[in-house]
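Down below is the structure, laid out as structure tokens.
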Amino acid sequence: MTYRPDTTAAVGYRPDTEAGVGVVPPPGCPAHAGQARFGGPARPAAQGLPLYGPEFAADPHLFYERLRQYGPIAPVELSPGVEAYLITSYSLALEVLRDTERFAKDPRGWRALNEGRIPPDCPVGPMMMYRPNALFNDGEAHARLRGAITDSLTRLDPYALSEYVERSADTLINAFADRGEADLLADYAAAIPLLVFNELFGYPAEHGLRLVGTMARLFDSGEDAAEANQELLDYMASLIAAKRRRPAADITSWMLAHPSRLADDELLQQLMLILAAGTEPQLNLIANALRLLLSDDRFAGELSGGSLPVQDAIDEVLWTDPPLANFGTRFARQDLDLAGLRIRQGEPILTSYAAANTDPELTSDGRLGNRAHLAWSIGAHRCPAESPARVIASVAIEKLLDRLPDMELAVPVDQLAWRTGPFHRALAALPVRFPVTARPTAAAVPAAVSAPAPAAAPAEPHGSPQTAPAESDPPGQSARAAQRRRWGSLAAWWRGQ
């Protein structure tokens, strides 16, 4: 099996050999009895496998393996009583995500919702209900709303963004560097995206600190998800009012001035989409990559063949543990047959990016440097912020490893706890310890991340703080720590391109 990363397509994938197509599920499969409650008369009744709870959070790949016994798509429960289908096949995921004729993003045709079977306080509702934003629209409406987002994101200067992340990281690291221990999730990964996006939106950082808990509760899809959703709406309304009074070089002001002429409620929803997609998944990408770097010897040069850099660690996470593991929701536009199942109009179909990326029909050989994974989705709704997201994650991780090269996990990696919820792959905490050798670093934050004038060469950074070296390498320094000292600054790499 080989890949063509330029097309995000697998070469050599044989759909006719997909396990389970047109066959009866094996005995013992949770879906063996069929799914009359999902609408097909030929399918006997059984409840789909639950994508929630501590058992699923602890080992979701075990659940995906069980689902594959049923075929490339299987019935699941997103929360008690909320039924859907989940695609676990890479090939079928490409087919559905690219097909705008048979499958809609707009959830207003959701059958169970329209039949009154989805309560107003449904915990997965905030992630699936219709909003007037680019994610939940199709056709011309989608193109108009997405255009305002993509055009504004392209005005960001990656050099200034990189520097902003680096200095924000120094500010956060300074707060715990003299403690010798930290929770990298709460103390670092959760705050970095909020500092960055408050800056991108043109709002002071202190206005968004409360969003750490808000975004976590929204993605956890717990009992207080609806309350978190309202808090996010209130924050965005306040931001838009401030930018109307005083526009500046920031995403909010650029979108206000965009030719699409967004109304305030439309702008609010686009900004909320950017924040939701750019904070919780971003912090999980940072945390999951740090977990891998701190626990996997491949990233320390201890295995033959050398070491893997931070960018490859990020790609490994995007392949195997993407921060948004199950999403890409589509709704059948009419009754149809899909991989041997009868899908009724209005039934939701989610793609498991994590399961599709690890489809047994694909090979992991030669995956190093390969970006044909589906973590950013594909098709008309592919994430438009992949480039800035990679900059934020890469620079945040690199800065932390530069400052604290002797950092190690404070608990065995198999004792780390994962948060529950059907959509994300999110650690509950990432405790680490390290020698108290890092000196505080000045951390003034640059004020702008807008793109330079087209004719101007990117300005060289000025006043960029340099990380103070450690007093000395501690005795018995691990190969993993030694390798981190050899990784250069990714921020410096960005400025050299």
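By order of appearance in the structure tokens: chains A, B, ..., then residues from 1 within every chain, and ligands from 1 in the order shown.
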
Given only C-alpha atoms, how would the per-residue table for range 244-285 of chain A near range 390-400 of chain A read, listing every residue at most 10 Å away with its closest atom pair and distance in Å to one decimal, sorted by chain and number, as JSON lines?
```
{"residue": "A:Gly278", "atom": "CA", "partner": "A:Ile392", "partner_atom": "CA", "distance": 9.8}
{"residue": "A:Gln282", "atom": "CA", "partner": "A:Ala393", "partner_atom": "CA", "distance": 7.0}
{"residue": "A:Leu283", "atom": "CA", "partner": "A:Ala393", "partner_atom": "CA", "distance": 8.0}
{"residue": "A:Asn284", "atom": "CA", "partner": "A:Ala393", "partner_atom": "CA", "distance": 9.6}
{"residue": "A:Leu285", "atom": "CA", "partner": "A:Ala393", "partner_atom": "CA", "distance": 6.9}
```

Within 12 Å of Ala276 in chain A, counting only C-alpha atoms, which residues qualify if same-chain residues fewer than 4 places away don't, as a VMD selection string? chain A and resid 126 to 127 133 135 193 to 194 197 211 to 212 214 to 219 228 to 229 232 to 233 236 269 to 272 280 to 283 324

Spatial neighbours of Thr358 in chain A, max dist 12 Å, only C-alpha atoms, sep filter under 6 positions, as number ranges by chain: A: 60-62, 64-65, 68, 88-91, 316-322, 325, 352, 364-365, 367, 372-375

Within 10 Å of Asp151 in chain A using only C-alpha atoms, minus same-chain residues under 2 positions, as number ranges by chain: A: 146-149, 153-156, 251, 254-255, 258, 384

Could you please determine the separation between CA of Thr420 in chain A and CA of Ile343 in chain A in Å, to one decimal place?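 Between these atoms lies a distance of 27.7 Å.
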
Range 252-367 of chain A: which residues are strand (DSSP E or B) by DSSP, as an mmCIF file with N, CA, C and O atoms, in the first residue's frame?
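Generated output (part22.cif):
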```cif
data_model
loop_
_atom_site.group_PDB
_atom_site.id
_atom_site.type_symbol
_atom_site.label_atom_id
_atom_site.label_comp_id
_atom_site.auth_asym_id
_atom_site.auth_seq_id
_atom_site.Cartn_x
_atom_site.Cartn_y
_atom_site.Cartn_z
ATOM 1 N N LEU A 324 -9.680 15.654 17.330
ATOM 2 C CA LEU A 324 -11.102 15.507 17.021
ATOM 3 C C LEU A 324 -11.243 14.140 16.364
ATOM 4 O O LEU A 324 -11.070 13.995 15.160
ATOM 5 N N ASN A 326 -13.844 11.748 16.281
ATOM 6 C CA ASN A 326 -15.076 11.302 15.626
ATOM 7 C C ASN A 326 -15.950 12.518 15.352
ATOM 8 O O ASN A 326 -16.522 13.094 16.278
ATOM 9 N N PHE A 327 -16.062 12.882 14.089
ATOM 10 C CA PHE A 327 -16.890 14.042 13.758
ATOM 11 C C PHE A 327 -17.209 13.987 12.261
ATOM 12 O O PHE A 327 -17.560 12.933 11.764
ATOM 13 N N GLY A 328 -17.092 15.114 11.560
ATOM 14 C CA GLY A 328 -17.404 15.118 10.129
ATOM 15 C C GLY A 328 -18.830 14.694 9.861
ATOM 16 O O GLY A 328 -19.114 13.998 8.878
ATOM 17 N N THR A 329 -19.752 15.115 10.712
ATOM 18 C CA THR A 329 -21.138 14.642 10.641
ATOM 19 C C THR A 329 -21.791 14.986 9.306
ATOM 20 O O THR A 329 -21.695 16.116 8.820
ATOM 21 N N ARG A 330 -22.442 14.009 8.729
ATOM 22 C CA ARG A 330 -23.244 14.196 7.518
ATOM 23 C C ARG A 330 -24.628 13.604 7.763
ATOM 24 O O ARG A 330 -24.810 12.725 8.601
ATOM 25 N N PHE A 331 -25.624 14.086 6.993
ATOM 26 C CA PHE A 331 -26.989 13.594 7.086
ATOM 27 C C PHE A 331 -27.437 13.138 5.701
ATOM 28 O O PHE A 331 -27.261 13.869 4.718
ATOM 29 N N ALA A 332 -27.985 11.948 5.639
ATOM 30 C CA ALA A 332 -28.429 11.413 4.351
ATOM 31 C C ALA A 332 -29.539 12.292 3.778
ATOM 32 O O ALA A 332 -30.516 12.604 4.469
ATOM 33 N N LEU A 336 -30.940 5.633 1.249
ATOM 34 C CA LEU A 336 -29.900 5.140 0.356
ATOM 35 C C LEU A 336 -29.237 3.906 0.957
ATOM 36 O O LEU A 336 -29.350 3.637 2.155
ATOM 37 N N ASP A 337 -28.541 3.177 0.112
ATOM 38 C CA ASP A 337 -27.738 2.035 0.541
ATOM 39 C C ASP A 337 -26.287 2.488 0.632
ATOM 40 O O ASP A 337 -25.754 3.113 -0.295
ATOM 41 N N LEU A 338 -25.638 2.155 1.743
ATOM 42 C CA LEU A 338 -24.247 2.547 1.943
ATOM 43 C C LEU A 338 -23.501 1.378 2.566
ATOM 44 O O LEU A 338 -23.785 0.983 3.698
ATOM 45 N N LEU A 341 -25.645 -1.259 4.127
ATOM 46 C CA LEU A 341 -26.665 -0.834 5.086
ATOM 47 C C LEU A 341 -27.677 0.083 4.405
ATOM 48 O O LEU A 341 -27.331 0.857 3.516
ATOM 49 N N ARG A 342 -28.913 -0.004 4.862
ATOM 50 C CA ARG A 342 -29.960 0.904 4.382
ATOM 51 C C ARG A 342 -30.016 2.086 5.333
ATOM 52 O O ARG A 342 -30.357 1.955 6.515
ATOM 53 N N ILE A 343 -29.655 3.257 4.843
ATOM 54 C CA ILE A 343 -29.662 4.488 5.639
ATOM 55 C C ILE A 343 -30.901 5.292 5.275
ATOM 56 O O ILE A 343 -31.183 5.512 4.089
ATOM 57 N N PRO A 348 -27.950 10.585 10.920
ATOM 58 C CA PRO A 348 -26.593 11.130 10.963
ATOM 59 C C PRO A 348 -25.528 10.056 10.749
ATOM 60 O O PRO A 348 -25.640 8.935 11.253
ATOM 61 N N ILE A 349 -24.502 10.445 10.006
ATOM 62 C CA ILE A 349 -23.351 9.583 9.749
ATOM 63 C C ILE A 349 -22.101 10.361 10.139
ATOM 64 O O ILE A 349 -21.835 11.434 9.587
ATOM 65 N N LEU A 350 -21.353 9.839 11.100
ATOM 66 C CA LEU A 350 -20.106 10.458 11.514
ATOM 67 C C LEU A 350 -18.932 9.666 10.955
ATOM 68 O O LEU A 350 -19.048 8.467 10.709
ATOM 69 N N THR A 351 -17.819 10.348 10.769
ATOM 70 C CA THR A 351 -16.585 9.679 10.377
ATOM 71 C C THR A 351 -15.666 9.601 11.584
ATOM 72 O O THR A 351 -15.427 10.611 12.256
ATOM 73 N N SER A 352 -15.175 8.419 11.854
ATOM 74 C CA SER A 352 -14.139 8.280 12.863
ATOM 75 C C SER A 352 -12.797 8.501 12.175
ATOM 76 O O SER A 352 -12.269 7.609 11.506
#
```

So the first atom is CA of Thr363 in chain A and the second is CA of Phe56 in chain A; what is the distance between them in Å, to one decimal place?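 Atom-to-atom, CA of Thr363 in chain A to CA of Phe56 in chain A, that is 24.5 Å.
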
Can you measure CA of Arg179 in chain A to CA of Val411 in chain A for me? One decimal in Å is fine.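 CA of Val411 in chain A lies at a distance of 16.9 Å from CA of Arg179 in chain A.
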
Find the residues near Ser377 in chain A: any atom within 8 Å, counting only C-alpha atoms, skip ones fewer than 3 places away on the same chain, and give them as a list in words. Leu97, Gly328, Tyr353, Leu374, His381, Arg382 and Cys383 of chain A

Those same residues - all heavy atoms - I'd like them written as a CSV table (one decimal), in the first residue's frame.
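Saved as selection.csv:
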```
chain,number,residue,atom,x,y,z
A,97,LEU,N,-17.3,11.9,2.7
A,97,LEU,CA,-16.9,13.3,3.0
A,97,LEU,C,-16.8,14.1,1.7
A,97,LEU,O,-17.0,15.4,1.8
A,97,LEU,CB,-15.5,13.3,3.7
A,97,LEU,CG,-15.5,12.7,5.1
A,97,LEU,CD1,-14.1,12.6,5.7
A,97,LEU,CD2,-16.4,13.6,6.1
A,328,GLY,N,-17.1,15.1,11.6
A,328,GLY,CA,-17.4,15.1,10.1
A,328,GLY,C,-18.8,14.7,9.9
A,328,GLY,O,-19.1,14.0,8.9
A,353,TYR,N,-12.3,9.7,12.3
A,353,TYR,CA,-11.0,10.0,11.7
A,353,TYR,C,-9.9,9.1,12.3
A,353,TYR,O,-9.0,8.6,11.6
A,353,TYR,CB,-10.6,11.5,12.0
A,353,TYR,CG,-11.6,12.5,11.4
A,353,TYR,CD1,-12.0,13.5,12.2
A,353,TYR,CD2,-12.0,12.4,10.1
A,353,TYR,CE1,-12.9,14.4,11.7
A,353,TYR,CE2,-12.9,13.3,9.6
A,353,TYR,CZ,-13.4,14.3,10.4
A,353,TYR,OH,-14.3,15.3,9.9
A,374,LEU,N,-6.8,11.8,7.8
A,374,LEU,CA,-8.0,12.6,7.7
A,374,LEU,C,-8.3,13.5,8.9
A,374,LEU,O,-9.4,14.0,9.1
A,374,LEU,CB,-9.2,11.6,7.5
A,374,LEU,CG,-9.1,10.7,6.3
A,374,LEU,CD1,-10.4,9.8,6.2
A,374,LEU,CD2,-9.0,11.5,5.0
A,381,HIS,N,-15.5,20.7,3.2
A,381,HIS,CA,-15.4,21.2,4.6
A,381,HIS,C,-14.1,20.9,5.3
A,381,HIS,O,-14.0,20.8,6.5
A,381,HIS,CB,-16.6,20.6,5.4
A,381,HIS,CG,-17.9,21.2,5.1
A,381,HIS,ND1,-18.4,22.2,5.8
A,381,HIS,CD2,-18.8,20.8,4.2
A,381,HIS,CE1,-19.6,22.6,5.3
A,381,HIS,NE2,-19.9,21.7,4.3
A,382,ARG,N,-13.0,20.6,4.5
A,382,ARG,CA,-11.7,20.5,5.1
A,382,ARG,C,-11.3,21.7,5.9
A,382,ARG,O,-11.6,22.8,5.5
A,382,ARG,CB,-10.7,20.2,4.0
A,382,ARG,CG,-9.3,20.0,4.5
A,382,ARG,CD,-8.3,19.9,3.3
A,382,ARG,NE,-6.9,19.8,3.8
A,382,ARG,CZ,-6.3,18.7,4.1
A,382,ARG,NH1,-6.9,17.5,3.9
A,382,ARG,NH2,-5.0,18.7,4.5
A,383,CYS,N,-10.7,21.4,7.0
A,383,CYS,CA,-10.3,22.5,7.9
A,383,CYS,C,-9.5,23.6,7.2
A,383,CYS,O,-8.4,23.2,6.6
A,383,CYS,CB,-9.5,22.0,9.1
A,383,CYS,SG,-8.9,23.3,10.2
```

Can you list every residue in range 114-276 of chain A that DSSP puts in alpha helix (DSSP H), as a PyMOL selection string? chain A and resi 114+125-128+139-153+158-176+184+191-201+211-220+225-245+251-256+264-276

Keeping only C-alpha atoms, write those residues as a short mmCIF file (atom, residue, chain, number, x, y, z; two decimals), in the first residue's frame.
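Result file is part19.cif:
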```
data_model
loop_
_atom_site.label_atom_id
_atom_site.label_comp_id
_atom_site.auth_asym_id
_atom_site.auth_seq_id
_atom_site.Cartn_x
_atom_site.Cartn_y
_atom_site.Cartn_z
CA ASN A 114 -37.50 16.61 13.87
CA GLY A 125 -26.62 18.84 20.91
CA PRO A 126 -24.20 21.82 20.96
CA MET A 127 -21.84 19.90 18.67
CA MET A 128 -24.54 18.75 16.24
CA GLY A 139 -23.67 25.05 -1.29
CA GLU A 140 -23.65 28.81 -1.81
CA ALA A 141 -24.33 29.60 1.85
CA HIS A 142 -21.32 27.52 2.86
CA ALA A 143 -19.10 29.14 0.21
CA ARG A 144 -20.04 32.65 1.34
CA LEU A 145 -19.44 32.02 5.03
CA ARG A 146 -16.29 29.97 4.49
CA GLY A 147 -14.89 32.69 2.22
CA ALA A 148 -15.00 35.23 5.03
CA ILE A 149 -13.07 32.82 7.26
CA THR A 150 -10.43 31.70 4.77
CA ASP A 151 -9.79 35.19 3.40
CA SER A 152 -9.20 36.48 6.92
CA LEU A 153 -6.98 33.57 7.94
CA PRO A 158 3.14 33.00 10.09
CA TYR A 159 6.36 34.70 11.21
CA ALA A 160 4.58 37.00 13.64
CA LEU A 161 2.27 34.17 14.70
CA SER A 162 5.27 31.97 15.45
CA GLU A 163 6.89 34.69 17.52
CA TYR A 164 3.67 35.38 19.40
CA VAL A 165 3.28 31.69 20.30
CA GLU A 166 6.92 31.51 21.39
CA ARG A 167 6.64 34.50 23.71
CA SER A 168 3.27 33.38 25.06
CA ALA A 169 4.84 30.01 25.80
CA ASP A 170 7.65 31.71 27.73
CA THR A 171 5.07 33.56 29.84
CA LEU A 172 3.34 30.31 30.77
CA ILE A 173 6.53 28.34 31.36
CA ASN A 174 7.88 31.08 33.64
CA ALA A 175 4.86 30.55 35.88
CA PHE A 176 5.79 26.94 36.70
CA LEU A 184 1.03 20.48 31.05
CA ALA A 191 -3.84 28.32 27.80
CA ILE A 192 -1.68 28.61 24.66
CA PRO A 193 -4.58 28.50 22.13
CA LEU A 194 -6.62 30.97 24.17
CA LEU A 195 -3.78 33.46 24.39
CA VAL A 196 -3.24 33.14 20.67
CA PHE A 197 -6.87 33.37 19.59
CA ASN A 198 -7.63 36.28 21.89
CA GLU A 199 -4.77 38.02 20.11
CA LEU A 200 -6.00 36.98 16.67
CA PHE A 201 -9.50 38.24 17.50
CA LEU A 211 -12.89 30.12 28.04
CA VAL A 212 -10.53 27.33 29.10
CA GLY A 213 -13.27 25.77 31.20
CA THR A 214 -16.01 26.78 28.79
CA MET A 215 -14.46 25.02 25.80
CA ALA A 216 -13.62 21.92 27.83
CA ARG A 217 -17.22 21.61 29.04
CA LEU A 218 -18.56 22.10 25.52
CA PHE A 219 -16.44 19.30 24.05
CA ASP A 220 -17.01 16.99 27.01
CA ALA A 225 -22.69 21.67 27.77
CA ALA A 226 -25.70 23.93 27.07
CA GLU A 227 -24.54 26.41 29.72
CA ALA A 228 -21.04 26.43 28.21
CA ASN A 229 -22.57 27.09 24.80
CA GLN A 230 -24.36 30.20 26.12
CA GLU A 231 -21.17 31.47 27.76
CA LEU A 232 -19.41 31.23 24.43
CA LEU A 233 -22.19 33.19 22.70
CA ASP A 234 -21.98 35.94 25.32
CA TYR A 235 -18.22 36.23 24.89
CA MET A 236 -18.50 36.57 21.11
CA ALA A 237 -21.25 39.19 21.27
CA SER A 238 -19.07 41.33 23.51
CA LEU A 239 -16.09 40.93 21.18
CA ILE A 240 -18.05 42.01 18.08
CA ALA A 241 -19.42 45.09 19.83
CA ALA A 242 -15.88 46.11 20.83
CA LYS A 243 -14.53 45.67 17.28
CA ARG A 244 -17.37 47.64 15.72
CA ARG A 245 -16.44 50.53 17.99
CA ILE A 251 -9.56 38.63 12.36
CA THR A 252 -12.73 40.11 13.83
CA SER A 253 -12.21 43.47 12.11
CA TRP A 254 -11.24 41.83 8.81
CA MET A 255 -14.39 39.73 8.85
CA LEU A 256 -16.50 42.77 9.68
CA ASP A 264 -23.65 40.44 13.46
CA ASP A 265 -25.26 37.09 14.20
CA GLU A 266 -23.45 35.53 11.23
CA LEU A 267 -20.14 37.01 12.33
CA LEU A 268 -20.71 35.78 15.88
CA GLN A 269 -21.26 32.25 14.62
CA GLN A 270 -18.19 32.28 12.34
CA LEU A 271 -15.98 33.53 15.17
CA MET A 272 -17.41 30.95 17.53
CA LEU A 273 -16.65 28.26 14.96
CA ILE A 274 -13.04 29.47 14.63
CA LEU A 275 -12.61 29.53 18.39
CA ALA A 276 -14.20 26.14 18.95
#
```

Would you list the contacts of Ala182 in chain A as a PyMOL selection string, taking every protein, DNA or RNA residue within 9 Å and counting only C-alpha atoms, but skipping same-chain residues closer than 5 positions in sequence? chain A and resi 176-177+187-188+430-434
